file coords-v1.pdb (PDB, C-alpha atoms and all ligand atoms)
ATOM      1  CA  MET A   1     -55.112  23.919  52.016
ATOM      2  CA  GLU A   2     -57.883  25.264  49.777
ATOM      3  CA  GLU A   3     -59.774  23.637  46.953
ATOM      4  CA  LYS A   4     -59.615  25.088  43.437
ATOM      5  CA  GLU A   5     -61.725  23.761  40.582
ATOM      6  CA  LEU A   6     -63.698  20.539  40.607
ATOM      7  CA  LEU A   7     -61.805  17.873  38.660
ATOM      8  CA  TYR A   8     -64.262  15.017  39.005
ATOM      9  CA  GLU A   9     -67.588  14.282  40.587
ATOM     10  CA  GLY A  10     -68.105  10.607  41.331
ATOM     11  CA  LYS A  11     -70.985   8.741  42.899
ATOM     12  CA  ALA A  12     -69.794   9.224  46.478
ATOM     13  CA  LYS A  13     -67.122  11.912  46.373
ATOM     14  CA  LYS A  14     -66.037  15.089  44.621
ATOM     15  CA  VAL A  15     -62.374  15.582  43.794
ATOM     16  CA  PHE A  16     -60.840  19.071  43.656
ATOM     17  CA  ARG A  17     -57.513  20.417  42.475
ATOM     18  CA  THR A  18     -55.485  22.516  44.944
ATOM     19  CA  GLU A  19     -52.665  25.038  44.481
ATOM     20  CA  ASP A  20     -50.243  22.119  44.950
ATOM     21  CA  PRO A  21     -50.199  19.894  41.833
ATOM     22  CA  GLU A  22     -49.371  16.872  43.970
ATOM     23  CA  ILE A  23     -52.330  17.317  46.344
ATOM     24  CA  LEU A  24     -56.074  16.861  45.796
ATOM     25  CA  ILE A  25     -59.010  17.483  48.080
ATOM     26  CA  VAL A  26     -61.748  14.867  48.287
ATOM     27  CA  ASP A  27     -65.184  15.895  49.505
ATOM     28  CA  TYR A  28     -67.407  13.047  50.709
ATOM     29  CA  LYS A  29     -71.090  13.235  49.777
ATOM     30  CA  ASP A  30     -74.183  11.829  51.479
ATOM     31  CA  ASP A  31     -75.281  10.382  48.114
ATOM     32  CA  ALA A  32     -75.567   6.622  47.999
ATOM     33  CA  THR A  33     -75.762   4.470  44.879
ATOM     34  CA  ALA A  34     -75.947   0.748  44.295
ATOM     35  CA  PHE A  35     -76.115  -1.674  41.366
ATOM     36  CA  ASN A  36     -73.726   0.448  39.307
ATOM     37  CA  GLY A  37     -75.758   3.615  39.834
ATOM     38  CA  LEU A  38     -79.200   2.127  39.102
ATOM     39  CA  LYS A  39     -80.370   2.688  42.676
ATOM     40  CA  LYS A  40     -79.868   6.174  44.064
ATOM     41  CA  GLY A  41     -80.527   7.726  47.447
ATOM     42  CA  THR A  42     -79.102   9.681  50.338
ATOM     43  CA  ILE A  43     -77.784   8.501  53.670
ATOM     44  CA  LYS A  44     -77.815  11.543  55.914
ATOM     45  CA  GLY A  45     -74.474  12.123  57.631
ATOM     46  CA  LYS A  46     -72.686   9.451  55.550
ATOM     47  CA  GLY A  47     -70.175  11.862  53.974
ATOM     48  CA  ALA A  48     -68.768  13.016  57.290
ATOM     49  CA  ILE A  49     -68.773   9.504  58.758
ATOM     50  CA  ASN A  50     -66.997   7.963  55.762
ATOM     51  CA  ASN A  51     -64.441  10.765  55.636
ATOM     52  CA  ARG A  52     -63.515  10.493  59.293
ATOM     53  CA  MET A  53     -63.586   6.680  59.409
ATOM     54  CA  THR A  54     -61.423   6.412  56.298
ATOM     55  CA  ASN A  55     -58.833   8.764  57.744
ATOM     56  CA  TYR A  56     -58.799   6.964  61.076
ATOM     57  CA  LEU A  57     -58.224   3.605  59.374
ATOM     58  CA  MET A  58     -55.650   4.967  56.930
ATOM     59  CA  LYS A  59     -53.649   6.368  59.875
ATOM     60  CA  LEU A  60     -53.798   3.005  61.585
ATOM     61  CA  LEU A  61     -52.664   1.273  58.389
ATOM     62  CA  GLU A  62     -49.769   3.719  57.939
ATOM     63  CA  GLU A  63     -48.616   2.810  61.458
ATOM     64  CA  LYS A  64     -48.718  -0.852  60.455
ATOM     65  CA  GLY A  65     -46.590  -0.247  57.359
ATOM     66  CA  VAL A  66     -49.136   0.215  54.580
ATOM     67  CA  PRO A  67     -48.508   3.508  52.735
ATOM     68  CA  THR A  68     -51.632   5.553  51.954
ATOM     69  CA  HIS A  69     -52.637   8.685  50.074
ATOM     70  CA  LEU A  70     -53.714  10.493  53.275
ATOM     71  CA  VAL A  71     -52.235  13.956  53.830
ATOM     72  CA  GLU A  72     -54.583  15.661  56.298
ATOM     73  CA  GLU A  73     -58.223  15.935  57.271
ATOM     74  CA  ILE A  74     -59.475  19.426  56.471
ATOM     75  CA  ASP A  75     -62.923  19.308  57.990
ATOM     76  CA  ASP A  76     -65.787  16.893  58.610
ATOM     77  CA  ARG A  77     -66.240  16.004  54.974
ATOM     78  CA  LYS A  78     -63.005  17.032  53.270
ATOM     79  CA  THR A  79     -59.526  15.570  53.215
ATOM     80  CA  ALA A  80     -56.295  16.456  51.421
ATOM     81  CA  VAL A  81     -54.745  13.442  49.726
ATOM     82  CA  LYS A  82     -51.723  12.758  47.540
ATOM     83  CA  LYS A  83     -52.715  12.851  43.897
ATOM     84  CA  VAL A  84     -52.172   9.408  42.440
ATOM     85  CA  GLN A  85     -52.752   7.639  39.186
ATOM     86  CA  ILE A  86     -55.388   5.130  40.189
ATOM     87  CA  VAL A  87     -54.548   1.534  39.207
ATOM     88  CA  PRO A  88     -57.795   0.632  37.396
ATOM     89  CA  LEU A  89     -58.508  -2.401  39.558
ATOM     90  CA  GLU A  90     -60.967  -2.870  42.396
ATOM     91  CA  VAL A  91     -59.193  -5.134  44.823
ATOM     92  CA  ILE A  92     -61.645  -7.217  46.827
ATOM     93  CA  ILE A  93     -60.700  -9.285  49.842
ATOM     94  CA  ARG A  94     -63.150 -11.730  51.367
ATOM     95  CA  ASN A  95     -63.161 -13.549  54.682
ATOM     96  CA  LYS A  96     -66.637 -15.069  54.348
ATOM     97  CA  ALA A  97     -68.877 -15.638  51.347
ATOM     98  CA  ALA A  98     -71.309 -12.798  50.561
ATOM     99  CA  GLY A  99     -72.640 -10.662  47.738
ATOM    100  CA  SER A 100     -71.433 -11.380  44.206
ATOM    101  CA  PHE A 101     -69.133 -14.202  45.405
ATOM    102  CA  SER A 102     -72.102 -16.086  46.872
ATOM    103  CA  LYS A 103     -74.181 -15.505  43.761
ATOM    104  CA  ARG A 104     -71.464 -16.428  41.286
ATOM    105  CA  LEU A 105     -70.354 -19.570  43.092
ATOM    106  CA  GLY A 106     -73.651 -20.680  44.644
ATOM    107  CA  ILE A 107     -72.235 -20.509  48.158
ATOM    108  CA  PRO A 108     -74.627 -19.208  50.844
ATOM    109  CA  GLU A 109     -73.787 -15.874  52.442
ATOM    110  CA  GLY A 110     -71.909 -16.255  55.698
ATOM    111  CA  THR A 111     -70.158 -19.497  54.684
ATOM    112  CA  GLU A 112     -66.623 -19.700  56.126
ATOM    113  CA  LEU A 113     -63.896 -19.734  53.493
ATOM    114  CA  LYS A 114     -60.938 -22.103  53.867
ATOM    115  CA  CYS A 115     -58.689 -19.097  53.378
ATOM    116  CA  SER A 116     -59.162 -15.391  52.738
ATOM    117  CA  THR A 117     -59.395 -14.626  49.060
ATOM    118  CA  LEU A 118     -58.519 -11.759  46.744
ATOM    119  CA  GLU A 119     -60.137 -10.842  43.463
ATOM    120  CA  PHE A 120     -59.703  -8.052  40.941
ATOM    121  CA  SER A 121     -62.395  -6.217  39.032
ATOM    122  CA  TYR A 122     -61.498  -4.004  36.116
ATOM    123  CA  LYS A 123     -62.602  -0.480  37.119
ATOM    124  CA  ASP A 124     -64.935   0.463  34.283
ATOM    125  CA  ASP A 125     -68.499   1.530  35.085
ATOM    126  CA  ASP A 126     -69.662   1.097  31.469
ATOM    127  CA  LEU A 127     -68.619  -2.561  31.592
ATOM    128  CA  GLY A 128     -69.990  -3.040  35.138
ATOM    129  CA  ASP A 129     -66.523  -3.554  36.692
ATOM    130  CA  PRO A 130     -65.967  -7.081  35.312
ATOM    131  CA  LEU A 131     -64.082  -9.692  37.322
ATOM    132  CA  ILE A 132     -60.614 -10.315  35.895
ATOM    133  CA  ASN A 133     -57.545 -12.267  36.970
ATOM    134  CA  SER A 134     -53.965 -11.067  37.300
ATOM    135  CA  TYR A 135     -52.998 -12.380  33.834
ATOM    136  CA  MET A 136     -55.808 -10.342  32.305
ATOM    137  CA  ALA A 137     -54.815  -7.283  34.352
ATOM    138  CA  ARG A 138     -51.289  -7.564  32.930
ATOM    139  CA  ALA A 139     -52.517  -8.317  29.408
ATOM    140  CA  ILE A 140     -54.646  -5.170  29.229
ATOM    141  CA  GLY A 141     -51.934  -3.026  30.813
ATOM    142  CA  ALA A 142     -53.928  -2.276  33.972
ATOM    143  CA  ALA A 143     -50.942  -3.218  36.140
ATOM    144  CA  THR A 144     -47.504  -4.827  35.975
ATOM    145  CA  GLN A 145     -46.644  -8.032  37.829
ATOM    146  CA  GLU A 146     -44.613  -5.937  40.254
ATOM    147  CA  ASP A 147     -47.641  -3.690  40.935
ATOM    148  CA  ILE A 148     -49.853  -6.746  41.394
ATOM    149  CA  ASP A 149     -47.402  -8.321  43.862
ATOM    150  CA  THR A 150     -47.216  -5.113  45.913
ATOM    151  CA  ILE A 151     -50.983  -4.599  45.843
ATOM    152  CA  THR A 152     -51.620  -8.204  46.863
ATOM    153  CA  GLU A 153     -49.203  -7.975  49.777
ATOM    154  CA  TYR A 154     -50.719  -4.695  51.005
ATOM    155  CA  ALA A 155     -54.303  -5.889  50.556
ATOM    156  CA  PHE A 156     -53.787  -8.975  52.746
ATOM    157  CA  LYS A 157     -51.944  -6.833  55.297
ATOM    158  CA  VAL A 158     -54.912  -4.412  55.338
ATOM    159  CA  ASN A 159     -57.162  -7.418  55.948
ATOM    160  CA  GLU A 160     -55.165  -8.558  58.973
ATOM    161  CA  VAL A 161     -55.132  -5.063  60.509
ATOM    162  CA  LEU A 162     -58.815  -4.325  59.850
ATOM    163  CA  LYS A 163     -60.101  -7.773  60.857
ATOM    164  CA  GLU A 164     -58.402  -7.404  64.232
ATOM    165  CA  PHE A 165     -59.492  -3.778  64.690
ATOM    166  CA  PHE A 166     -63.156  -4.472  63.946
ATOM    167  CA  LYS A 167     -63.239  -7.664  66.021
ATOM    168  CA  GLU A 168     -62.283  -5.581  69.064
ATOM    169  CA  ILE A 169     -65.421  -3.480  68.542
ATOM    170  CA  GLY A 170     -67.720  -6.452  67.985
ATOM    171  CA  ILE A 171     -67.769  -6.352  64.199
ATOM    172  CA  GLU A 172     -66.901  -9.124  61.768
ATOM    173  CA  LEU A 173     -65.185  -7.940  58.596
ATOM    174  CA  ILE A 174     -66.790 -10.048  55.861
ATOM    175  CA  ASP A 175     -65.280  -8.448  52.763
ATOM    176  CA  PHE A 176     -64.105  -5.110  51.403
ATOM    177  CA  LYS A 177     -62.899  -3.264  48.316
ATOM    178  CA  LEU A 178     -59.651  -1.316  48.053
ATOM    179  CA  GLU A 179     -58.176   0.936  45.391
ATOM    180  CA  PHE A 180     -54.496   1.618  44.962
ATOM    181  CA  GLY A 181     -52.689   4.348  43.083
ATOM    182  CA  LYS A 182     -49.218   5.387  42.019
ATOM    183  CA  THR A 183     -47.658   8.635  43.207
ATOM    184  CA  THR A 184     -45.507  10.674  40.793
ATOM    185  CA  ASP A 185     -42.392   8.800  41.954
ATOM    186  CA  GLY A 186     -44.064   5.466  41.137
ATOM    187  CA  THR A 187     -44.769   4.360  44.706
ATOM    188  CA  ILE A 188     -47.934   2.278  45.174
ATOM    189  CA  VAL A 189     -50.160   3.627  47.948
ATOM    190  CA  LEU A 190     -53.606   2.773  49.249
ATOM    191  CA  ALA A 191     -56.109   5.353  47.931
ATOM    192  CA  ASP A 192     -59.855   6.052  47.828
ATOM    193  CA  GLU A 193     -61.782   5.117  51.000
ATOM    194  CA  ILE A 194     -62.431   2.450  53.619
ATOM    195  CA  SER A 195     -65.962   2.834  54.930
ATOM    196  CA  PRO A 196     -69.329   1.086  55.278
ATOM    197  CA  ASP A 197     -69.792   1.950  51.577
ATOM    198  CA  THR A 198     -66.866  -0.294  50.660
ATOM    199  CA  CYS A 199     -66.802  -2.963  53.381
ATOM    200  CA  ARG A 200     -69.258  -5.520  54.725
ATOM    201  CA  TYR A 201     -69.510  -5.289  58.502
ATOM    202  CA  TRP A 202     -71.645  -7.787  60.425
ATOM    203  CA  ASP A 203     -72.413  -7.409  64.104
ATOM    204  CA  ILE A 204     -70.662 -10.337  65.816
ATOM    205  CA  LYS A 205     -73.512 -10.850  68.326
ATOM    206  CA  THR A 206     -76.602 -10.352  66.172
ATOM    207  CA  GLY A 207     -75.338 -10.758  62.597
ATOM    208  CA  ALA A 208     -76.953  -7.401  61.721
ATOM    209  CA  HIS A 209     -75.640  -5.639  58.626
ATOM    210  CA  LEU A 210     -73.789  -2.451  59.614
ATOM    211  CA  ASP A 211     -72.880  -1.303  56.093
ATOM    212  CA  LYS A 212     -74.221  -0.316  52.698
ATOM    213  CA  ASP A 213     -76.200  -3.549  52.343
ATOM    214  CA  THR A 214     -78.775  -1.781  54.575
ATOM    215  CA  PHE A 215     -79.281   0.592  51.642
ATOM    216  CA  ARG A 216     -78.719  -1.868  48.761
ATOM    217  CA  ARG A 217     -81.179  -4.377  50.204
ATOM    218  CA  ASP A 218     -83.624  -1.958  51.881
ATOM    219  CA  LEU A 219     -82.956  -3.438  55.298
ATOM    220  CA  GLY A 220     -83.990  -0.198  56.985
ATOM    221  CA  ASN A 221     -82.155   2.622  58.738
ATOM    222  CA  PRO A 222     -78.822   2.864  56.903
ATOM    223  CA  GLU A 223     -78.118   6.068  58.885
ATOM    224  CA  GLY A 224     -78.333   4.045  62.094
ATOM    225  CA  ALA A 225     -75.956   1.376  60.754
ATOM    226  CA  TYR A 226     -73.299   3.927  59.743
ATOM    227  CA  GLN A 227     -73.674   5.766  63.071
ATOM    228  CA  GLU A 228     -73.350   2.512  64.993
ATOM    229  CA  VAL A 229     -69.972   1.662  63.437
ATOM    230  CA  PHE A 230     -68.852   5.280  63.876
ATOM    231  CA  ALA A 231     -69.784   5.261  67.573
ATOM    232  CA  ARG A 232     -68.103   1.879  68.176
ATOM    233  CA  MET A 233     -64.926   3.328  66.662
ATOM    234  CA  GLY A 234     -65.025   5.899  69.450
ATOM    235  CA  PHE A 235     -66.342   8.871  67.504
ATOM    236  CA  ASP A 236     -69.056  11.097  68.965
ATOM    237  CA  ALA A 237     -72.192  10.786  66.860
ATOM    238  CA  GLU A 238     -73.443  14.223  65.816
TER
HETATM  239  P1  LIG A 301     -66.805   6.628  41.559
HETATM  240  O1  LIG A 301     -65.769   7.181  40.631
HETATM  241  O2  LIG A 301     -66.799   5.110  41.541
HETATM  242  O3  LIG A 301     -68.161   7.180  41.383
HETATM  243  P2  LIG A 301     -66.188   8.193  43.974
HETATM  244  O4  LIG A 301     -67.423   9.020  43.972
HETATM  245  O5  LIG A 301     -65.722   7.650  45.266
HETATM  246  O6  LIG A 301     -66.278   6.923  43.031
HETATM  247  O7  LIG A 301     -65.082   9.090  43.312
HETATM  248  C1  LIG A 301     -63.796   9.230  43.778
HETATM  249  C2  LIG A 301     -62.820   9.014  42.636
HETATM  250  O8  LIG A 301     -61.532   9.460  43.017
HETATM  251  C3  LIG A 301     -62.691   7.557  42.254
HETATM  252  O9  LIG A 301     -62.691   7.438  40.846
HETATM  253  C4  LIG A 301     -61.335   7.150  42.844
HETATM  254  O10 LIG A 301     -60.725   6.133  42.072
HETATM  255  C5  LIG A 301     -60.572   8.452  42.754
HETATM  256  N1  LIG A 301     -59.506   8.627  43.744
HETATM  257  C6  LIG A 301     -59.470   8.203  45.040
HETATM  258  N2  LIG A 301     -58.330   8.580  45.646
HETATM  259  C7  LIG A 301     -57.597   9.257  44.734
HETATM  260  C8  LIG A 301     -56.311   9.888  44.751
HETATM  261  N3  LIG A 301     -55.562   9.905  45.841
HETATM  262  N4  LIG A 301     -55.874  10.467  43.592
HETATM  263  C9  LIG A 301     -56.644  10.447  42.464
HETATM  264  N5  LIG A 301     -57.861   9.881  42.388
HETATM  265  C10 LIG A 301     -58.341   9.292  43.497
HETATM  266  N1  LIG A 302     -67.565  -3.087  46.663
HETATM  267  C1  LIG A 302     -67.361  -1.723  46.517
HETATM  268  N2  LIG A 302     -67.527  -1.174  45.284
HETATM  269  C2  LIG A 302     -67.884  -1.892  44.191
HETATM  270  C3  LIG A 302     -68.092  -3.281  44.343
HETATM  271  C4  LIG A 302     -67.927  -3.846  45.599
HETATM  272  O1  LIG A 302     -67.016  -1.039  47.487
HETATM  273  O2  LIG A 302     -68.009  -1.316  43.096
HETATM  274  C5  LIG A 302     -67.386  -3.712  47.994
HETATM  275  C6  LIG A 302     -68.708  -4.127  48.617
HETATM  276  O3  LIG A 302     -69.185  -3.117  49.482
HETATM  277  C7  LIG A 302     -68.322  -5.366  49.394
HETATM  278  C8  LIG A 302     -67.136  -5.962  48.619
HETATM  279  O4  LIG A 302     -66.642  -4.906  47.818
HETATM  280  O5  LIG A 302     -67.859  -5.006  50.693
HETATM  281  C9  LIG A 302     -67.526  -7.151  47.763
HETATM  282  O6  LIG A 302     -68.621  -6.789  46.956
HETATM  283  P1  LIG A 302     -69.327  -7.856  45.990
HETATM  284  O7  LIG A 302     -68.396  -8.245  44.904
HETATM  285  O8  LIG A 302     -69.885  -8.961  46.801
HETATM  286  O9  LIG A 302     -70.405  -6.959  45.313
HETATM  287  P2  LIG A 302     -71.944  -6.724  45.465
HETATM  288  O10 LIG A 302     -72.445  -7.204  44.150
HETATM  289  O11 LIG A 302     -72.513  -7.441  46.593
HETATM  290  O12 LIG A 302     -71.963  -5.226  45.628
END
call {"tool": "encode", "arguments": {"input": "coords-v1.pdb", "output": "structure tokens", "more": "lines below"}}
Ligand code: ADP
Ligand code: UDP
result
Amino acid sequence: MEEKELLYEGKAKKVFRTEDPEILIVDYKDDATAFNGLKKGTIKGKGAINNRMTNYLMKLLEEKGVPTHLVEEIDDRKTAVKKVQIVPLEVIIRNKAAGSFSKRLGIPEGTELKCSTLEFSYKDDDLGDPLINSYMARAIGAATQEDIDTITEYAFKVNEVLKEFFKEIGIELIDFKLEFGKTTDGTIVLADEISPDTCRYWDIKTGAHLDKDTFRRDLGNPEGAYQEVFARMGFDAE
């Protein structure tokens, strides 16, 4: 599988067309951004780590019955995926309070939630990805009720699988963001990535941040945090 022209360059990945109209190639970059692009930097080795971690987790999720866009890993940084029409919603699941949830609701980070929660943001960088509810998502045509039901079911399933997986390697899954898309036949699949860029991982023993908060909050050594999760997942650090 070879890449043709660049279709899109995002903040963390490039997306290429291939000779197959149904298949894209994503190329993960080391670039890191936060606060809707206001803070920019590089986390050396991040592209390869995020690519390989995402594929590992997507394979695991496929086995557990969650369909994904994954086709095949091409090399360290590149993966062939099914081309989908992205549902313009960021789907966020939380197990403990952190980040914008803590700020918005005045609940200290790390507070246990009585149940896991799901929220939608409308995917629009110019608007700063505003929080919306499912009625609003339907009203603006971002998704149908059927799409929302499927996405909700898959997102909570992803949470169960990932929570368990990360617990085994000493990591607490605090929250994460998913994106879903529709294939040409209308099937909803999990797309985009699952990585320390898109999840909050806290070390169970020490509470240390092993994710992009190291970069967002200048906690020091983001490379080390990404490598730590990678190594605990059984990958050989380069
Ligand atoms: P951003 O667009 O937020 O800067 P990225 O740099 O990660 O993010 O860019 C990757 C883009 O590719 C995102 O807009 C994402 O929604 C999109 N994408 C992810 N998976 C697929 C897919 N299978 N088909 C089409 N687009 C996808
Ligand atoms: N997240 C993401 N992309 C976004 C916004 C959030 O991947 O554009 C992830 C983030 O890494 C965290 C979860 O979604 O794991 C919840 O993020 P939150 O809403 O707390 O946002 P914050 O303002 O802290 O980035």
call {"tool": "resolve_selection", "arguments": {"input": "coords-v1.pdb", "expression": "the PyMOL selection byres (((chain A and resi 38-52) around 7) and not hetatm)", "output": "PyMOL selection string"}}
result
chain A and resi 28-37+53-56+76-78+195+222-223+226+230
call {"tool": "residues_near_ligand", "arguments": {"input": "coords-v1.pdb", "ligand": "ligand LIG 301 (chain A)", "cutoff": "7 Å", "atoms": "only C-alpha atoms and all ligand atoms", "output": "count of residues only"}}
result
19
call {"tool": "closest_atom_pairs", "arguments": {"input": "coords-v1.pdb", "of": "chain A", "to": "ligand LIG 302 (chain A)", "cutoff": "6 Å", "atoms": "only C-alpha atoms and all ligand atoms", "output": "Markdown table"}}
result
| residue | atom | partner | partner_atom | distance |
| --- | --- | --- | --- | --- |
| A:Ile92 | CA | A:LIG302 | O4 | 5.6 |
| A:Ala98 | CA | A:LIG302 | O8 | 5.6 |
| A:Gly99 | CA | A:LIG302 | O8 | 3.4 |
| A:Ser100 | CA | A:LIG302 | O8 | 3.9 |
| A:Phe101 | CA | A:LIG302 | O8 | 5.5 |
| A:Asp175 | CA | A:LIG302 | O5 | 4.8 |
| A:Phe176 | CA | A:LIG302 | O5 | 3.8 |
| A:Lys177 | CA | A:LIG302 | O4 | 4.1 |
| A:Asp197 | CA | A:LIG302 | O3 | 5.5 |
| A:Thr198 | CA | A:LIG302 | O1 | 3.3 |
| A:Cys199 | CA | A:LIG302 | O5 | 3.5 |
| A:Arg200 | CA | A:LIG302 | O5 | 4.3 |
call {"tool": "closest_residue", "arguments": {"input": "coords-v1.pdb", "among": "A:Glu119, A:Glu193, A:Asp213, A:Asp149", "to": "A:Met58", "atoms": "all atoms listed in the file"}}
result
A:Glu193
call {"tool": "resolve_selection", "arguments": {"input": "coords-v1.pdb", "expression": "the PyMOL selection byres (((chain A and resi 234) around 12) and not hetatm)", "output": "MDAnalysis selection string"}}
result
chainID A and resid 49 52:53 56 166 168:169 227:233 235:237
call {"tool": "residues_around", "arguments": {"input": "coords-v1.pdb", "residues": "A:Asn133", "least_positions_apart": "4", "cutoff": "9 Å", "atoms": "only C-alpha atoms", "output": "PyMOL selection string"}}
result
chain A and resi 119-121+137-138
call {"tool": "write_last_selection", "arguments": {"input": "coords-v1.pdb", "atoms": "C-alpha atoms", "output": "PDB file, in the frame of the given file"}}
result
ATOM      1  CA  GLU A 119     -60.137 -10.842  43.463  1.00  0.00           C
ATOM      2  CA  PHE A 120     -59.703  -8.052  40.941  1.00  0.00           C
ATOM      3  CA  SER A 121     -62.395  -6.217  39.032  1.00  0.00           C
ATOM      4  CA  ALA A 137     -54.815  -7.283  34.352  1.00  0.00           C
ATOM      5  CA  ARG A 138     -51.289  -7.564  32.930  1.00  0.00           C
TER       6      ARG A 138
END
call {"tool": "residues_near_point", "arguments": {"input": "coords-v1.pdb", "point": "(-55.5, -3.5, 31.3)", "cutoff": "10 Å", "atoms": "only C-alpha atoms", "output": "mmCIF file with C-alpha atoms, keeping the file's coordinate frame"}}
result
data_model
loop_
_atom_site.group_PDB
_atom_site.id
_atom_site.type_symbol
_atom_site.label_atom_id
_atom_site.label_comp_id
_atom_site.auth_asym_id
_atom_site.auth_seq_id
_atom_site.Cartn_x
_atom_site.Cartn_y
_atom_site.Cartn_z
ATOM 1 C CA VAL A 87 -54.548 1.534 39.207
ATOM 2 C CA PRO A 88 -57.795 0.632 37.396
ATOM 3 C CA LEU A 89 -58.508 -2.401 39.558
ATOM 4 C CA TYR A 122 -61.498 -4.004 36.116
ATOM 5 C CA LYS A 123 -62.602 -0.480 37.119
ATOM 6 C CA ILE A 132 -60.614 -10.315 35.895
ATOM 7 C CA SER A 134 -53.965 -11.067 37.300
ATOM 8 C CA TYR A 135 -52.998 -12.380 33.834
ATOM 9 C CA MET A 136 -55.808 -10.342 32.305
ATOM 10 C CA ALA A 137 -54.815 -7.283 34.352
ATOM 11 C CA ARG A 138 -51.289 -7.564 32.930
ATOM 12 C CA ALA A 139 -52.517 -8.317 29.408
ATOM 13 C CA ILE A 140 -54.646 -5.170 29.229
ATOM 14 C CA GLY A 141 -51.934 -3.026 30.813
ATOM 15 C CA ALA A 142 -53.928 -2.276 33.972
ATOM 16 C CA ALA A 143 -50.942 -3.218 36.140
ATOM 17 C CA THR A 144 -47.504 -4.827 35.975
#
call {"tool": "atom_distance", "arguments": {"input": "coords-v1.pdb", "atom1": "atom CA of A:Glu153", "atom2": "atom CA of A:Pro196"}}
result
22.7 Å
call {"tool": "closest_residue", "arguments": {"input": "coords-v1.pdb", "among": "A:Leu118, A:Lys59, A:Ile25, A:Leu219", "to": "A:Ile148", "atoms": "all atoms listed in the file"}}
result
A:Leu118
call {"tool": "residues_around", "arguments": {"input": "coords-v1.pdb", "residues": "A:Glu3", "least_positions_apart": "3", "cutoff": "10 Å", "atoms": "all atoms listed in the file", "output": "PyMOL selection string"}}
result
chain A and resi 6+15-20+23-27+78+80
call {"tool": "atom_distance", "arguments": {"input": "coords-v1.pdb", "atom1": "atom CA of A:Thr152", "atom2": "atom CA of A:Leu190"}}
result
11.4 Å
call {"tool": "atom_distance", "arguments": {"input": "coords-v1.pdb", "atom1": "atom CA of A:Ala225", "atom2": "atom CA of A:Leu210"}}
result
4.5 Å
call {"tool": "resolve_selection", "arguments": {"input": "coords-v1.pdb", "expression": "the PyMOL selection byres (((chain A and resi 207) around 12) and not hetatm)", "output": "list in words"}}
result
Glu109, Gly110, Gly170, Ile171, Glu172, Leu173, Ile174, Arg200, Tyr201, Trp202, Asp203, Ile204, Lys205, Thr206, Ala208, His209, Leu210 and Asp211 of chain A
call {"tool": "decode", "arguments": {"input": "coords-v1.pdb", "residues": "stretch 119-146 of chain A", "atoms": "C-alpha atoms", "output": "JSON list (two decimals), in the first residue's frame"}}
result
[["chain", "number", "residue", "atom", "x", "y", "z"],
["A", 119, "GLU", "CA", -20.04, 13.92, 26.67],
["A", 120, "PHE", "CA", -20.01, 15.21, 23.11],
["A", 121, "SER", "CA", -18.10, 18.16, 21.74],
["A", 122, "TYR", "CA", -18.89, 19.52, 18.31],
["A", 123, "LYS", "CA", -15.70, 19.04, 16.25],
["A", 124, "ASP", "CA", -14.98, 22.57, 15.08],
["A", 125, "ASP", "CA", -11.59, 24.13, 15.84],
["A", 126, "ASP", "CA", -12.79, 27.66, 15.03],
["A", 127, "LEU", "CA", -15.47, 27.34, 17.72],
["A", 128, "GLY", "CA", -13.09, 25.60, 20.16],
["A", 129, "ASP", "CA", -14.96, 22.26, 20.01],
["A", 130, "PRO", "CA", -17.97, 23.37, 22.11],
["A", 131, "LEU", "CA", -19.72, 20.96, 24.46],
["A", 132, "ILE", "CA", -23.10, 19.89, 23.09],
["A", 133, "ASN", "CA", -25.73, 17.34, 24.06],
["A", 134, "SER", "CA", -27.33, 14.64, 21.93],
["A", 135, "TYR", "CA", -30.39, 16.80, 21.14],
["A", 136, "MET", "CA", -28.10, 19.52, 19.80],
["A", 137, "ALA", "CA", -26.08, 16.96, 17.82],
["A", 138, "ARG", "CA", -29.31, 15.81, 16.16],
["A", 139, "ALA", "CA", -30.61, 19.35, 15.68],
["A", 140, "ILE", "CA", -27.51, 20.47, 13.78],
["A", 141, "GLY", "CA", -27.38, 17.27, 11.73],
["A", 142, "ALA", "CA", -24.09, 16.07, 13.22],
["A", 143, "ALA", "CA", -25.58, 12.63, 13.86],
["A", 144, "THR", "CA", -28.87, 10.74, 13.87],
["A", 145, "GLN", "CA", -30.34, 9.17, 17.01],
["A", 146, "GLU", "CA", -29.37, 5.78, 15.62]]
